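Reading through the structure tokens given below for one structure.
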Amino acid sequence: MAGTATIPVATGANPTPTILVFDSGLGGLTVLEQVRRARPDAAYVYAADDAAFPYGRLDEAALVDRVLAVMDRLVALHRPDLVVIACNTASTLVLPALRQRFTIPLVGVVPPIKPAAEATRSRRISLLATPGTVARTYTHELIESYAAACAVTLVGAPNLAGFAEAELAGTPVDDARLSAEIAPCFSISDDGRRTDVVCLACTHYPLLLARFQALAPWPVLWIDPAPAIARRVTQLLGAPPRGMEHRAGSILGAFTGGAGLTEPLRASLALRDVTSVAVEAMPLGLQ
Ligand code: DGL
């Protein structure tokens, strides 16, 4: 069981900050990409809790304990200046407990309901997420606060995060399986209004965006919250110092399991500049 003491971390104005981007697996790479555009000079640790993937199927108490335990280790090991919880499934549940535990700035990724409600014309939007995220009280409160005037279809896709991992590992699933996961996002009201906005409320899903666009029965706006996360990071850390705007900081990939770290996956990571990869073993049950 994770303890409850607050772990103090020096923040301060570090000219070359270390940013820890955390997800259950590879989805947070979509957030890392956007954050790096804003702060290319920072040093990055991309941490994937692949030993516990997928988070979407964990019950809430187990997920809180797991994320706290893993984050204790990662923060102690890497001493980040800022942490991005690049996972909707974790952020919609664990952020309050993380904020209680760490004094370090934390940025969470949550379903982009507000921009979706602002963008829709048909007032029919869909939230494509993990089964965990669609079940969260936090998600339902977001919808009540920002999209009360819309018909919102919640789609808890059981397999999509795994399909995104397979895509990066060079073993993509076929169109029929992908279509079956996204099909419930598309609906038409009795008076003929079609869904026109789909929230990508799992950081894995933008990895499949080109395929979603090709398979969608009609064009919709797909909203990825990652650019907004990058803006929040620069609000907190500032823009790169003068002269550092084009400096490429280091990226370390840290995996808690490492079982799926095959050569094709390493090549995929290298394409995203994650050339240095370490296994920091944290088997499920360590908490
Ligand atoms: N990438 C994660 C998210 O944004 C979830 C994937 C999983 O189920 O572990 O929700």
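By order of appearance in the structure tokens: chains A, B, ..., then residues from 1 within every chain, and ligands from 1 in the order shown.
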
Check your understanding: Quick one: residues within 6 Å of ligand 1, with only C-alpha atoms and all ligand atoms, as a list of chain:residue names?
Key -> A:Asp23, A:Ser24, A:Gly27, A:Phe53, A:Pro54, A:Tyr55, A:Gly56, A:Cys87, A:Asn88, A:Thr89, A:Thr130, A:Ala161, A:Cys202, A:Thr203, A:His204

At a cut-off of 12 Å, can you tabulate as a tab-separated table every residue of stretch 50-132 of chain A near stretch 220-239 of chain A together with its closest atom pair and the distance in Å to one decimal, using only C-alpha atoms and ordering rows by chain then number?
residue	atom	partner	partner_atom	distance
A:Asp81	CA	A:Leu237	CA	8.7
A:Leu82	CA	A:Leu237	CA	8.2
A:Val83	CA	A:Val233	CA	9.3
A:Val84	CA	A:Ile229	CA	8.3
A:Ile85	CA	A:Ile229	CA	10.0
A:Ala86	CA	A:Ala226	CA	8.6
A:Cys87	CA	A:Ala226	CA	10.6
A:Asn88	CA	A:Pro225	CA	10.1
A:Ile104	CA	A:Leu236	CA	11.0
A:Pro105	CA	A:Leu236	CA	7.8
A:Leu106	CA	A:Val233	CA	9.1
A:Val107	CA	A:Val233	CA	7.3
A:Gly108	CA	A:Ile229	CA	7.8
A:Val109	CA	A:Ile229	CA	6.9
A:Val110	CA	A:Pro225	CA	7.7
A:Pro111	CA	A:Pro225	CA	7.4
A:Pro112	CA	A:Pro225	CA	5.8
A:Ile113	CA	A:Ile223	CA	9.1
A:Lys114	CA	A:Pro225	CA	10.4
A:Pro115	CA	A:Ile223	CA	7.9
A:Ala116	CA	A:Ile223	CA	6.9
A:Ala117	CA	A:Ile223	CA	10.7
A:Glu118	CA	A:Ile223	CA	11.3
A:Ala119	CA	A:Leu221	CA	8.3
A:Thr120	CA	A:Leu221	CA	8.5
A:Arg121	CA	A:Leu221	CA	10.7
A:Ser122	CA	A:Val220	CA	10.9
A:Arg124	CA	A:Val220	CA	10.7
A:Ile125	CA	A:Val220	CA	9.5
A:Ser126	CA	A:Trp222	CA	9.7
A:Leu127	CA	A:Ile223	CA	9.7
A:Leu128	CA	A:Trp222	CA	9.8
A:Ala129	CA	A:Asp224	CA	11.7

Practice item. Give me the residues within 10 Å of stretch 281-285 of chain A as number ranges by chain, counting only C-alpha atoms and dropping any in the same chain fewer than 5 places off. Key: A: 1, 49-53, 62, 65-66, 69-70, 73, 254-258

Keeping only N, CA, C and O atoms, write the selected residues as a PDB file, in the first residue's frame.
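See result.pdb below for the written result:
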ATOM      1  N   MET A   1       0.850  -1.200   0.000  1.00  0.00           N
ATOM      2  CA  MET A   1       0.000   0.000   0.000  1.00  0.00           C
ATOM      3  C   MET A   1       0.881   1.243   0.000  1.00  0.00           C
ATOM      4  O   MET A   1       1.824   1.339   0.774  1.00  0.00           O
ATOM      5  N   ASP A  49       3.991   2.945 -17.635  1.00  0.00           N
ATOM      6  CA  ASP A  49       3.756   1.893 -16.635  1.00  0.00           C
ATOM      7  C   ASP A  49       3.212   0.654 -17.339  1.00  0.00           C
ATOM      8  O   ASP A  49       2.099   0.204 -17.083  1.00  0.00           O
ATOM      9  N   ASP A  50       4.019   0.129 -18.243  1.00  0.00           N
ATOM     10  CA  ASP A  50       3.533  -0.984 -19.067  1.00  0.00           C
ATOM     11  C   ASP A  50       3.326  -2.258 -18.252  1.00  0.00           C
ATOM     12  O   ASP A  50       2.571  -3.139 -18.663  1.00  0.00           O
ATOM     13  N   ALA A  51       3.933  -2.340 -17.069  1.00  0.00           N
ATOM     14  CA  ALA A  51       3.704  -3.526 -16.226  1.00  0.00           C
ATOM     15  C   ALA A  51       2.239  -3.592 -15.793  1.00  0.00           C
ATOM     16  O   ALA A  51       1.742  -4.672 -15.475  1.00  0.00           O
ATOM     17  N   ALA A  52       1.549  -2.440 -15.783  1.00  0.00           N
ATOM     18  CA  ALA A  52       0.150  -2.413 -15.322  1.00  0.00           C
ATOM     19  C   ALA A  52      -0.829  -2.105 -16.451  1.00  0.00           C
ATOM     20  O   ALA A  52      -2.018  -1.936 -16.206  1.00  0.00           O
ATOM     21  N   PHE A  53      -0.328  -2.020 -17.698  1.00  0.00           N
ATOM     22  CA  PHE A  53      -1.198  -1.694 -18.842  1.00  0.00           C
ATOM     23  C   PHE A  53      -2.201  -2.817 -19.087  1.00  0.00           C
ATOM     24  O   PHE A  53      -1.821  -3.979 -18.993  1.00  0.00           O
ATOM     25  N   ALA A  62      -7.476   0.237  -6.934  1.00  0.00           N
ATOM     26  CA  ALA A  62      -6.204  -0.350  -7.377  1.00  0.00           C
ATOM     27  C   ALA A  62      -5.417   0.653  -8.219  1.00  0.00           C
ATOM     28  O   ALA A  62      -4.188   0.753  -8.110  1.00  0.00           O
ATOM     29  N   ASP A  65      -3.768   3.385  -5.954  1.00  0.00           N
ATOM     30  CA  ASP A  65      -2.591   2.837  -5.271  1.00  0.00           C
ATOM     31  C   ASP A  65      -1.425   2.656  -6.237  1.00  0.00           C
ATOM     32  O   ASP A  65      -0.276   2.969  -5.920  1.00  0.00           O
ATOM     33  N   ARG A  66      -1.731   2.145  -7.407  1.00  0.00           N
ATOM     34  CA  ARG A  66      -0.671   1.874  -8.380  1.00  0.00           C
ATOM     35  C   ARG A  66       0.019   3.168  -8.823  1.00  0.00           C
ATOM     36  O   ARG A  66       1.243   3.267  -8.852  1.00  0.00           O
ATOM     37  N   ALA A  69       2.176   4.681  -6.104  1.00  0.00           N
ATOM     38  CA  ALA A  69       3.391   3.902  -5.851  1.00  0.00           C
ATOM     39  C   ALA A  69       4.418   4.125  -6.968  1.00  0.00           C
ATOM     40  O   ALA A  69       5.617   4.336  -6.708  1.00  0.00           O
ATOM     41  N   VAL A  70       3.956   4.094  -8.208  1.00  0.00           N
ATOM     42  CA  VAL A  70       4.890   4.263  -9.337  1.00  0.00           C
ATOM     43  C   VAL A  70       5.438   5.687  -9.352  1.00  0.00           C
ATOM     44  O   VAL A  70       6.637   5.911  -9.577  1.00  0.00           O
ATOM     45  N   ARG A  73       8.287   6.321  -6.943  1.00  0.00           N
ATOM     46  CA  ARG A  73       9.578   5.836  -7.444  1.00  0.00           C
ATOM     47  C   ARG A  73      10.138   6.768  -8.520  1.00  0.00           C
ATOM     48  O   ARG A  73      11.312   7.107  -8.520  1.00  0.00           O
ATOM     49  N   ALA A 254      11.389   5.280 -19.984  1.00  0.00           N
ATOM     50  CA  ALA A 254      11.482   4.401 -18.810  1.00  0.00           C
ATOM     51  C   ALA A 254      10.238   3.518 -18.780  1.00  0.00           C
ATOM     52  O   ALA A 254       9.120   4.022 -18.802  1.00  0.00           O
ATOM     53  N   PHE A 255      10.447   2.217 -18.763  1.00  0.00           N
ATOM     54  CA  PHE A 255       9.333   1.262 -18.791  1.00  0.00           C
ATOM     55  C   PHE A 255       9.338   0.448 -17.496  1.00  0.00           C
ATOM     56  O   PHE A 255      10.395   0.001 -17.053  1.00  0.00           O
ATOM     57  N   THR A 256       8.143   0.261 -16.908  1.00  0.00           N
ATOM     58  CA  THR A 256       8.086  -0.465 -15.635  1.00  0.00           C
ATOM     59  C   THR A 256       8.053  -1.982 -15.838  1.00  0.00           C
ATOM     60  O   THR A 256       8.222  -2.738 -14.891  1.00  0.00           O
ATOM     61  N   GLY A 257       7.799  -2.416 -17.075  1.00  0.00           N
ATOM     62  CA  GLY A 257       7.776  -3.854 -17.362  1.00  0.00           C
ATOM     63  C   GLY A 257       8.813  -4.199 -18.411  1.00  0.00           C
ATOM     64  O   GLY A 257       9.740  -4.948 -18.180  1.00  0.00           O
ATOM     65  N   GLY A 258       8.616  -3.645 -19.580  1.00  0.00           N
ATOM     66  CA  GLY A 258       9.590  -3.814 -20.652  1.00  0.00           C
ATOM     67  C   GLY A 258       9.378  -5.062 -21.497  1.00  0.00           C
ATOM     68  O   GLY A 258      10.109  -5.275 -22.469  1.00  0.00           O
TER      69      GLY A 258
END

Practice item. Would you return as an MDAnalysis selection string the members of stretch 59-113 of chain A that DSSP assigns to alpha helix (DSSP H) on this structure's backbone? Key: chainID A and resid 60:78 88:101 113

Exercise for review: Tell me, in Å to one decimal, how far atom CA of A:Pro241 is from atom CA of A:Ala38.
Suggested key: 11.7 Å

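The nearest approach to A:Leu207 among the residues A:Gly249, A:Pro96, A:Gly28, A:Pro15, with only C-alpha atoms taken into account, belongs to A:Gly28.
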
Check your understanding: So which residues of stretch 19-165 of chain A fall under strand (DSSP E or B) by DSSP, listed as a VMD selection string?
Key -> chain A and resid 19 to 23 43 to 48 82 to 85 102 106 to 108 124 to 129 151 to 156

**Study point:** Exercise: stretch 265-268 of chain A partners within 9 Å, only C-alpha atoms, chain neighbours under 6 positions left out, as a ChimeraX atom specification
**Key:** /A:165,168-170,274-275,277

**Study point:** Atomic separation - atom CA of A:Pro158 relative to atom CA of A:Arg57, Å
**Key:**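 Taking atom CA of A:Arg57 as the start and atom CA of A:Pro158 as the end point, the length is 8.3 Å.
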